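Engineer: Got a structure for you, written out below as structure tokens; questions coming shortly.
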Amino acid sequence: MNIQRTLPLVVLVLAACTARPPATAPLPLPRAGGAGHGIIPLPASVRFDSAQTFVVDTLTTIHVDRGAGTVVECVAGYLATMLAPALKAEVQELAPGGSLPAKAIHLRIDSANAAAGAEGYELTITPGTVTLVARTTAGLFYGVQTIRQLLPASVEHPAALKRLLTLPAGRIVDSPRFEWRGMMLDVSRHFLGVSDIKRFVDLLALYKMNRLHLHLSDDQGWRIEIKSRPELANIGGSTQVGGGRGGYFTQAEYSEIVAYAARQFIMIVPEIDMPGHTNAALASYPELNCNKVPPPVYTGIRVGFSAVCVDSAVIYPILEDVVREISAITPGPYFHIGGDEVKTLTPVQYRRFVERMQGIVNANGKRMIGWGEIAPAQLLPSTVVQSWIKDSSAVHAARGGKVIMSPAKKIYLDMKYDSSTVLGLSWAGFNQVRTSYDWNPGTFIQGVGESSVLGVEAPLWSETLVKVEDFESMAFPRLIAVAEVGWTRGVLMGWEGFQRRLGMQAGRLAALGVNSGRR
């Protein structure tokens, strides 16, 4: 599907930008207002003067402080490209002590502004100027997304005639609740190509999400090139659910995705599922099997039947090669080992394997993440547990570890909306948009309090999803609800207000060509 929108062109402007999203600092909670706006996620504080507006036209200029740096200039260029052709001037530098001309937009870094938090921003709009201030470049980028959402949906149509781009006068102070705000794409059961992944990156950025977890291996497919073990991709990546042609990312393609996402302040988190969900790997290298016989490739959707031979020393050099090669092309600090639904190993075998993999991951300079089943193992506090069903996450929280909240009955995007939904599954129940919105990550699991929650992530498994349009129809609009759960503090949230604002997003989603599902 072609994206009928500005952003792919805009992203080219960010080619030199590098994202380093830091931890989130708390922000005082002023009262939210601005009942008429459609911003998602809901900012911490909104004040508007509905009688006044800032009009973007050919007299409008965009400014950054002299010496602000390449990344700030890139974010400003991103905004300038978004506003073109209404705004025709290039980004200009503002000398120290210089004054802004009329009709100016000023993007500024203030590293001493502790109130904004590590990813927060302050946006002030008057009829004469727009001032966006943040402590970090990530905060500036998120502020630009707020500007984008305040503009009419026609901003997504640069070729539209007679576009009138206006911003309401007012002030927004904002900062996210959680550091981790993400989604997972399962490209193992049905493969998505580079352009499809980039499309999801674009849409995540619009809603201030900052993590994209790629599920790169499973029983049905191995989706990334390992140069020292080429048969993993050549054999394991040859098929998918239903027997169709599979596919995989070369390391160059994966690096392209990582860089593209970083330019929009999104971190790619790779997952190689083990010790179970491994039939694609077992079919590729016989020595991973206890009987040394490779099984046939698998195209069904049953789970729990496969596992590497964890008691064999032969398997670990292969797994070390996998972790080493992927870690070398992944700048982010995380490596996800999966670890879910292992039904063929004893608890002792399983825990011993998890602990050994923790050592391998750490030796390659990464922090290990695993699904909730890994929690009973002897984990380091630096390891992260991703909770999806009732598990022992509280054990990990008690040892000082962090938990990513991905409850299946709330935010699994592959669950059907209701009984009439054609795509998806329903083993965890039906997940309507309100289901994905109405829950509190800080109190959802007893013993896992707010301080132990790293953030939220919505998985999208692909047993029934073939085309990118299928993925979109299950992700949207529920992913937008998850974005607000991850960003906005619970005391400010409310279903009625969110539902109204979500309705105001419909024109923008249509302009972007998103195959949105139900509201």
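Going by the structure tokens order, chains are called A, B, ..., each with residues numbered from 1, while ligands are numbered from 1 in the order shown.
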Contacts between stretch 202-211 of chain A and stretch 37-121 of chain A, please, where a residue of stretch 37-121 of chain A counts if it comes within 10 Å (with only C-alpha atoms); show its shortest atom pair and distance in Å to one decimal, rows by chain and ascending number, as a tab-separated table.
Structural biologist:
```
residue	atom	partner	partner_atom	distance
A:Ile39	CA	A:Tyr207	CA	9.0
A:Ile40	CA	A:Tyr207	CA	6.4
A:Pro41	CA	A:Tyr207	CA	6.5
A:Glu119	CA	A:Lys208	CA	9.8
```
Engineer: Show which residues sit within 8 Å of stretch 479-493 of chain A, as a ChimeraX atom specification. Count only C-alpha atoms, and ignore same-chain residues fewer than 3 positions away.
Structural biologist: /A:31-32,40-44,175-178,180-183,207-209,411,413,433-434,436-437,439-441,455-458,475-476,497-498
Engineer: What's around A:Gln378 at 12 Å? Count only C-alpha atoms, leave out sequence neighbours fewer than 6 positions away in its own chain, and write the answer as a PDB file with N, CA and C atoms, in the first residue's frame.
Structural biologist:
```pdb
ATOM      1  N   VAL A 348      13.632 -27.198  35.536  1.00  0.00           N
ATOM      2  CA  VAL A 348      15.063 -27.036  35.789  1.00  0.00           C
ATOM      3  C   VAL A 348      15.805 -26.782  34.488  1.00  0.00           C
ATOM      4  N   TYR A 350      14.618 -25.529  31.765  1.00  0.00           N
ATOM      5  CA  TYR A 350      14.222 -24.213  31.247  1.00  0.00           C
ATOM      6  C   TYR A 350      14.966 -23.092  31.972  1.00  0.00           C
ATOM      7  N   ARG A 351      14.966 -23.118  33.299  1.00  0.00           N
ATOM      8  CA  ARG A 351      15.619 -22.048  34.049  1.00  0.00           C
ATOM      9  C   ARG A 351      17.121 -22.023  33.772  1.00  0.00           C
ATOM     10  N   ARG A 352      17.742 -23.186  33.680  1.00  0.00           N
ATOM     11  CA  ARG A 352      19.182 -23.248  33.401  1.00  0.00           C
ATOM     12  C   ARG A 352      19.490 -22.623  32.034  1.00  0.00           C
ATOM     13  N   PHE A 353      18.634 -22.887  31.052  1.00  0.00           N
ATOM     14  CA  PHE A 353      18.827 -22.312  29.723  1.00  0.00           C
ATOM     15  C   PHE A 353      18.683 -20.787  29.771  1.00  0.00           C
ATOM     16  N   VAL A 354      17.643 -20.294  30.429  1.00  0.00           N
ATOM     17  CA  VAL A 354      17.421 -18.853  30.511  1.00  0.00           C
ATOM     18  C   VAL A 354      18.614 -18.160  31.164  1.00  0.00           C
ATOM     19  N   GLU A 355      19.129 -18.736  32.235  1.00  0.00           N
ATOM     20  CA  GLU A 355      20.254 -18.129  32.945  1.00  0.00           C
ATOM     21  C   GLU A 355      21.517 -18.131  32.086  1.00  0.00           C
ATOM     22  N   ARG A 356      21.709 -19.202  31.301  1.00  0.00           N
ATOM     23  CA  ARG A 356      22.872 -19.240  30.417  1.00  0.00           C
ATOM     24  C   ARG A 356      22.735 -18.197  29.304  1.00  0.00           C
ATOM     25  N   MET A 357      21.538 -18.065  28.748  1.00  0.00           N
ATOM     26  CA  MET A 357      21.332 -17.068  27.700  1.00  0.00           C
ATOM     27  C   MET A 357      21.483 -15.649  28.238  1.00  0.00           C
ATOM     28  N   GLN A 358      21.110 -15.445  29.494  1.00  0.00           N
ATOM     29  CA  GLN A 358      21.309 -14.135  30.109  1.00  0.00           C
ATOM     30  C   GLN A 358      22.790 -13.768  30.088  1.00  0.00           C
ATOM     31  N   GLY A 359      23.643 -14.750  30.383  1.00  0.00           N
ATOM     32  CA  GLY A 359      25.082 -14.505  30.340  1.00  0.00           C
ATOM     33  C   GLY A 359      25.583 -14.200  28.940  1.00  0.00           C
ATOM     34  N   VAL A 395       7.851 -11.425  41.278  1.00  0.00           N
ATOM     35  CA  VAL A 395       9.129 -11.923  41.796  1.00  0.00           C
ATOM     36  C   VAL A 395      10.269 -11.084  41.256  1.00  0.00           C
ATOM     37  N   HIS A 396      10.196 -10.778  39.972  1.00  0.00           N
ATOM     38  CA  HIS A 396      11.256  -9.970  39.362  1.00  0.00           C
ATOM     39  C   HIS A 396      11.213  -8.534  39.872  1.00  0.00           C
ATOM     40  N   ARG A 399      12.971  -8.184  43.119  1.00  0.00           N
ATOM     41  CA  ARG A 399      14.437  -8.187  43.072  1.00  0.00           C
ATOM     42  C   ARG A 399      14.996  -6.916  42.430  1.00  0.00           C
ATOM     43  N   GLY A 401      13.896  -5.618  39.428  1.00  0.00           N
ATOM     44  CA  GLY A 401      13.816  -5.634  37.979  1.00  0.00           C
ATOM     45  C   GLY A 401      12.617  -4.858  37.456  1.00  0.00           C
TER      46      GLY A 401
END
```
Engineer: Which residues in stretch 26-228 of chain A does DSSP call helix (DSSP H, G or I)? List them as a ChimeraX atom specification.
Structural biologist: /A:70-83,114-116,137-150,153-156,194-206
Engineer: I'd like the contact shell of stretch 334-337 of chain A - 6 Å cut-off, only C-alpha atoms, skipping same-chain residues fewer than 2 positions apart - returned as a PyMOL selection string.
Structural biologist: chain A and resi 270-274+332+366-370
Engineer: Can you work out which one of A:Gln145, A:Ser451, A:Ser195, A:Thr435 has the shortest atom-to-atom distance to A:Tyr260, counting only C-alpha atoms?
Structural biologist: A:Ser195
Engineer: Excluding stretch 122-136 of chain A and any residue of its chain fewer than 5 positions from it, enumerate the residues within 6 Å of it, using only C-alpha atoms, and give them as a PDB file with C-alpha atoms, in the first residue's frame.
Structural biologist:
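Generated file (part_8.pdb):
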```
ATOM      1  CA  THR A  53      -4.732  31.452  15.792  1.00  0.00           C
ATOM      2  CA  PHE A  54      -1.283  31.259  14.248  1.00  0.00           C
ATOM      3  CA  ALA A 102       6.882  38.077  13.168  1.00  0.00           C
ATOM      4  CA  LYS A 103       5.345  34.810  12.019  1.00  0.00           C
ATOM      5  CA  ALA A 104       8.250  32.778  13.429  1.00  0.00           C
ATOM      6  CA  ILE A 105       8.405  29.198  14.705  1.00  0.00           C
ATOM      7  CA  HIS A 106      11.290  28.683  17.154  1.00  0.00           C
ATOM      8  CA  LEU A 107      12.596  25.245  18.187  1.00  0.00           C
ATOM      9  CA  ARG A 108      14.915  25.433  21.165  1.00  0.00           C
ATOM     10  CA  ILE A 109      16.794  23.091  23.487  1.00  0.00           C
ATOM     11  CA  ASP A 110      16.948  24.078  27.163  1.00  0.00           C
ATOM     12  CA  SER A 111      18.996  21.397  28.911  1.00  0.00           C
ATOM     13  CA  ASN A 113      14.580  22.680  31.977  1.00  0.00           C
ATOM     14  CA  ALA A 169      -3.191  29.964  20.280  1.00  0.00           C
ATOM     15  CA  GLY A 170      -2.399  28.485  23.670  1.00  0.00           C
ATOM     16  CA  ARG A 171       0.146  26.598  25.764  1.00  0.00           C
ATOM     17  CA  ILE A 172       0.903  22.890  26.228  1.00  0.00           C
ATOM     18  CA  VAL A 173       3.250  21.388  28.813  1.00  0.00           C
TER      19      VAL A 173
END
```
Engineer: Could you give me, as a VMD selection string, the residues within 8 Å of A:Leu192, counting only C-alpha atoms and dropping anything in the same chain fewer than 4 positions from it?
Structural biologist: chain A and resid 187 196 to 197 467 to 468
Engineer: What does the structure give for the distance between atom CA of A:Ala281 and atom CA of A:Gly243, in Å to one decimal?
Structural biologist: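 So the two atoms, atom CA of A:Ala281 and atom CA of A:Gly243, lie 16.6 Å apart.
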Engineer: Write out as a list of chain:residue names the residues lying within 7 Å of A:Val241, counting only C-alpha atoms and excluding same-chain residues fewer than 4 positions away.
Structural biologist: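 The neighbour list is A:Arg189, A:His190, A:Gln220, A:Thr299, A:Gly300, A:Ile301, A:Glu463.
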Engineer: Name the closest residue to A:Arg229 among the candidates A:Leu214, A:Val322, A:Val75, A:Val453; distances are taken between atoms, counting only C-alpha atoms.
Structural biologist: A:Val322
